[in-house]
file my_file24.cif (mmCIF, C-alpha atoms)
data_work
loop_
_atom_site.label_atom_id
_atom_site.label_comp_id
_atom_site.auth_asym_id
_atom_site.auth_seq_id
_atom_site.Cartn_x
_atom_site.Cartn_y
_atom_site.Cartn_z
CA MET A 79 -14.92 17.43 -151.46
CA ARG A 80 -12.80 18.54 -148.52
CA SER A 81 -9.42 17.19 -147.66
CA PRO A 82 -8.90 15.01 -144.59
CA VAL A 83 -6.89 17.83 -143.00
CA ALA A 84 -9.76 20.31 -143.41
CA LEU A 85 -12.21 17.80 -141.96
CA SER A 86 -9.88 17.23 -139.01
CA ILE A 87 -9.65 20.96 -138.38
CA TRP A 88 -13.46 21.30 -138.47
CA ALA A 89 -13.85 18.33 -136.13
CA GLY A 90 -11.28 19.85 -133.77
CA LEU A 91 -13.10 23.21 -133.79
CA LEU A 92 -16.40 21.48 -133.12
CA ALA A 93 -14.84 19.58 -130.19
CA LEU A 94 -13.39 22.82 -128.77
CA ALA A 95 -16.73 24.58 -129.12
CA THR A 96 -18.47 21.71 -127.33
CA ILE A 97 -15.92 21.68 -124.51
CA GLY A 98 -16.13 25.47 -124.21
CA SER A 99 -19.92 25.35 -124.06
CA LEU A 100 -19.83 22.72 -121.32
CA ALA A 101 -17.25 24.73 -119.36
CA VAL A 102 -19.42 27.86 -119.50
CA LYS A 103 -22.47 25.83 -118.49
CA ASP A 104 -20.57 24.40 -115.52
CA ALA A 105 -19.24 27.83 -114.51
CA LEU A 106 -22.77 29.27 -114.35
CA ALA A 107 -23.73 27.22 -111.30
CA SER A 108 -27.26 26.06 -110.72
CA ALA A 109 -28.97 26.36 -107.33
CA PRO A 110 -26.93 24.38 -104.82
CA GLN A 111 -28.49 21.03 -103.97
CA VAL A 112 -27.77 21.60 -100.27
CA GLU A 113 -29.89 24.77 -100.29
CA LEU A 114 -32.75 23.02 -102.09
CA ALA A 115 -32.54 20.02 -99.73
CA GLY A 116 -32.77 22.35 -96.72
CA LYS A 117 -35.86 24.01 -98.16
CA THR A 118 -37.39 20.62 -98.96
CA ASN A 119 -36.76 19.51 -95.37
CA ALA A 120 -38.43 22.65 -94.04
CA ALA A 121 -41.41 22.15 -96.38
CA ILE A 122 -41.85 18.50 -95.31
CA ALA A 123 -41.75 19.44 -91.61
CA ALA A 124 -44.14 22.37 -92.11
CA THR A 125 -46.57 20.23 -94.12
CA LEU A 126 -46.65 17.53 -91.46
CA ARG A 127 -47.09 20.07 -88.65
CA GLY A 128 -49.83 21.76 -90.68
CA GLN A 129 -51.63 18.40 -90.81
CA GLY A 130 -51.51 18.22 -87.00
CA PHE A 131 -48.56 15.84 -86.61
CA ALA A 132 -46.05 16.08 -83.78
CA VAL A 133 -42.77 15.89 -85.71
CA ARG A 134 -39.43 14.38 -84.74
CA VAL A 135 -36.39 14.63 -87.03
CA GLU A 136 -33.79 11.92 -87.55
CA PRO A 137 -30.79 13.40 -89.39
CA HIS A 138 -28.69 11.16 -91.62
CA ARG A 139 -25.21 11.95 -92.81
CA PHE A 140 -25.37 10.43 -96.29
CA GLN A 141 -29.10 10.19 -96.96
CA SER A 142 -31.85 12.70 -96.50
CA TRP A 143 -33.27 13.40 -93.06
CA ILE A 144 -36.34 11.45 -91.97
CA PHE A 145 -39.29 13.30 -90.47
CA PHE A 146 -41.37 11.08 -88.20
CA GLY A 147 -44.84 12.32 -87.41
CA THR A 148 -47.42 11.12 -84.92
CA ARG A 149 -51.08 12.10 -84.81
CA GLY A 150 -53.25 9.80 -82.71
CA ALA A 151 -52.90 6.25 -84.06
CA CYS A 152 -51.36 7.52 -87.31
CA ARG A 153 -47.59 7.42 -87.72
CA ILE A 154 -45.81 8.76 -90.78
CA ALA A 155 -42.22 8.92 -92.01
CA ALA A 156 -41.29 11.28 -94.84
CA ARG A 157 -38.05 12.38 -96.46
CA ASP A 158 -36.61 14.17 -99.49
CA ALA A 159 -36.28 11.55 -102.25
CA VAL A 160 -34.14 13.49 -104.74
CA ASN A 161 -31.45 10.78 -104.84
CA ALA A 162 -33.66 7.91 -103.77
CA ALA A 163 -32.52 5.54 -106.52
CA HIS A 164 -29.12 5.36 -104.81
CA TYR A 165 -30.64 4.70 -101.38
CA THR A 166 -33.80 2.69 -102.06
CA GLU A 167 -32.79 -0.17 -99.79
CA ALA A 168 -31.65 2.17 -97.00
CA PHE A 169 -34.92 4.11 -97.23
CA ARG A 170 -36.89 0.86 -97.03
CA GLU A 171 -34.95 -0.35 -93.99
CA GLN A 172 -34.96 2.99 -92.15
CA MET A 173 -38.70 3.56 -92.65
CA ALA A 174 -39.87 -0.08 -92.26
CA GLY A 175 -40.93 0.47 -88.66
CA VAL A 176 -43.67 2.79 -89.90
CA GLY A 177 -44.78 1.04 -93.11
CA SER A 178 -44.01 0.39 -96.76
CA VAL A 179 -42.28 3.19 -98.65
CA ARG A 180 -44.01 4.90 -101.53
CA TYR A 181 -42.82 7.86 -103.57
CA LEU A 182 -44.78 11.02 -104.24
CA TYR A 183 -43.98 13.43 -107.04
CA ARG A 184 -46.07 16.06 -108.81
CA GLY A 185 -49.35 14.60 -107.54
CA ASN A 186 -48.45 11.02 -108.48
CA ARG A 187 -47.75 7.99 -106.32
CA SER A 188 -45.34 5.16 -107.19
CA VAL A 189 -43.63 2.20 -105.50
CA GLY A 190 -40.24 3.16 -106.95
CA PRO A 191 -38.37 6.46 -107.01
CA PRO A 192 -39.45 8.76 -109.87
CA GLU A 193 -35.85 9.37 -110.97
CA LEU A 194 -36.36 9.82 -114.73
CA THR A 195 -39.46 11.98 -114.37
CA ALA A 196 -37.80 14.12 -111.70
CA LEU A 197 -34.69 14.53 -113.85
CA VAL A 198 -36.72 15.70 -116.84
CA TYR A 199 -38.70 18.20 -114.75
CA ARG A 200 -35.50 19.55 -113.12
CA LEU A 201 -33.79 20.37 -116.43
CA VAL A 202 -35.59 23.65 -117.15
CA PRO A 203 -35.34 25.10 -113.60
CA ARG A 204 -31.66 24.11 -113.38
CA SER A 205 -30.95 25.73 -116.73
CA LEU A 206 -32.76 28.90 -115.67
CA ASP A 207 -30.83 28.92 -112.35
CA ARG A 208 -27.63 29.40 -114.32
CA PHE A 209 -28.96 32.71 -115.61
CA GLY A 210 -30.25 33.93 -112.26
CA VAL A 211 -33.89 33.05 -112.92
CA HIS A 212 -35.09 30.86 -110.06
CA VAL A 213 -38.37 29.00 -110.34
CA ALA A 214 -39.99 26.51 -107.98
CA ARG A 215 -39.47 22.86 -108.69
CA SER A 216 -41.40 19.90 -107.39
CA ALA A 217 -39.56 17.70 -104.91
CA PRO A 218 -39.98 13.93 -104.82
CA VAL A 219 -40.84 12.69 -101.33
CA ALA A 220 -40.53 9.18 -99.89
CA VAL A 221 -43.36 8.38 -97.47
CA ALA A 222 -44.34 5.49 -95.23
CA THR A 223 -47.52 5.44 -93.16
CA SER A 224 -48.83 3.12 -90.48
CA SER A 225 -52.11 1.21 -90.66
CA GLY A 226 -53.64 3.80 -88.31
CA CYS A 227 -53.48 6.50 -90.99
CA PRO A 228 -56.25 7.38 -93.40
CA ASP A 229 -55.49 6.78 -97.07
CA GLY A 230 -53.90 9.89 -98.49
CA ASP A 231 -50.62 11.69 -98.95
CA PHE A 232 -51.12 14.48 -96.40
CA GLY A 233 -50.15 17.23 -98.88
CA LEU A 234 -46.63 15.82 -99.35
CA GLU A 235 -47.31 15.10 -103.04
CA ARG A 236 -47.30 18.86 -103.69
CA ILE A 237 -43.96 19.85 -102.13
CA ALA A 238 -42.19 22.41 -104.31
CA VAL A 239 -39.17 24.57 -103.48
CA ALA A 240 -37.33 27.46 -105.10
CA PRO A 241 -33.77 28.58 -104.48
#

call {"tool": "encode", "arguments": {"input": "my_file24.cif", "output": "structure tokens"}}
result
Amino acid sequence: MRSPVALSIWAGLLALATIGSLAVKDALASAPQVELAGKTNAAIAATLRGQGFAVRVEPHRFQSWIFFGTRGACRIAARDAVNAAHYTEAFREQMAGVGSVRYLYRGNRSVGPPELTALVYRLVPRSLDRFGVHVARSAPVAVATSSGCPDGDFGLERIAVAP
């Protein structure tokens, strides 16, 4: 049996090792979110244009930009939904003029932001980023469409970006 002093020393060493590991992990930065957001914005705009939409951008300072598209009677609004859980109400209000907001991620559709799923699928790419290995990651997208649109997600469910 070990003495309380020895156990305290081991606990202290374990705490230092944990803190050191976290510091190294933090020092090896992952791909900057701003860079990934910019690439997601470009992918959303390109996807909408590729589907024949005339696209207008509405930048927002604290939330993601909204891309409004028009093609005949169909109107669409789409935006990067990486932090959508924090802005769900704002997204709903800002996109209400087009239709109800739905969230697309990795080929799936949901009425709420896919925060937990997106977090899990971001862990591996973010860890690899720290070692200079950059892989594409799927981007959640918030979408609203008007009644004049056909049912579908216009390719926005497959948005993926790499640093």

call {"tool": "resolve_selection", "arguments": {"input": "my_file24.cif", "expression": "the PyMOL selection byres ((chain A and resi 217) around 9)", "output": "VMD selection string"}}
result
chain A and resid 118 158 to 160 182 to 184 196 215 to 216 218 to 219 235 to 239

call {"tool": "atom_distance", "arguments": {"input": "my_file24.cif", "atom1": "atom CA of A:Ser205", "atom2": "atom CA of A:Leu234"}}
result
25.4 Å

call {"tool": "closest_residue", "arguments": {"input": "my_file24.cif", "among": "A:Cys152, A:Val189, A:Phe146, A:Arg157", "to": "A:Lys117", "atoms": "all atoms listed in the file"}}
result
A:Arg157

call {"tool": "atom_distance", "arguments": {"input": "my_file24.cif", "atom1": "atom CA of A:Val179", "atom2": "atom CA of A:Val221"}}
result
5.4 Å

call {"tool": "atom_distance", "arguments": {"input": "my_file24.cif", "atom1": "atom CA of A:Asp229", "atom2": "atom CA of A:Gly177"}}
result
12.8 Å

call {"tool": "resolve_selection", "arguments": {"input": "my_file24.cif", "expression": "the PyMOL selection byres ((chain A and resi 133) around 6)", "output": "compact mmCIF listing (two decimals) with C-alpha atoms, in the coordinates of the input"}}
result
# COMPACT_ATOMS: atom_id res chain seq x y z
CA PHE A 131 -48.56 15.84 -86.61
CA ALA A 132 -46.05 16.08 -83.78
CA ARG A 134 -39.43 14.38 -84.74
CA PHE A 146 -41.37 11.08 -88.20
CA GLY A 147 -44.84 12.32 -87.41

call {"tool": "closest_residue", "arguments": {"input": "my_file24.cif", "among": "A:Trp88, A:Phe140, A:Phe232, A:Tyr199", "to": "A:Tyr165", "atoms": "all atoms listed in the file"}}
result
A:Phe140

call {"tool": "closest_residue", "arguments": {"input": "my_file24.cif", "among": "A:Ala151, A:Leu91, A:Ala168, A:Gly116", "to": "A:Ala220", "atoms": "only C-alpha atoms"}}
result
A:Ala168

call {"tool": "closest_residue", "arguments": {"input": "my_file24.cif", "among": "A:Arg180, A:Arg149, A:Ala95, A:Val211", "to": "A:Gly128", "atoms": "all atoms listed in the file"}}
result
A:Arg149

call {"tool": "resolve_selection", "arguments": {"input": "my_file24.cif", "expression": "the PyMOL selection byres ((chain A and resi 222) around 9)", "output": "list of chain:residue names"}}
result
A:Arg153, A:Ile154, A:Ala155, A:Ala156, A:Arg170, A:Met173, A:Ala174, A:Gly175, A:Val176, A:Gly177, A:Ser178, A:Val179, A:Arg180, A:Tyr181, A:Ala220, A:Val221, A:Thr223, A:Ser224

call {"tool": "closest_residue", "arguments": {"input": "my_file24.cif", "among": "A:Ala115, A:Val198, A:Cys227, A:Ala214", "to": "A:Ala240", "atoms": "all atoms listed in the file"}}
result
A:Ala214
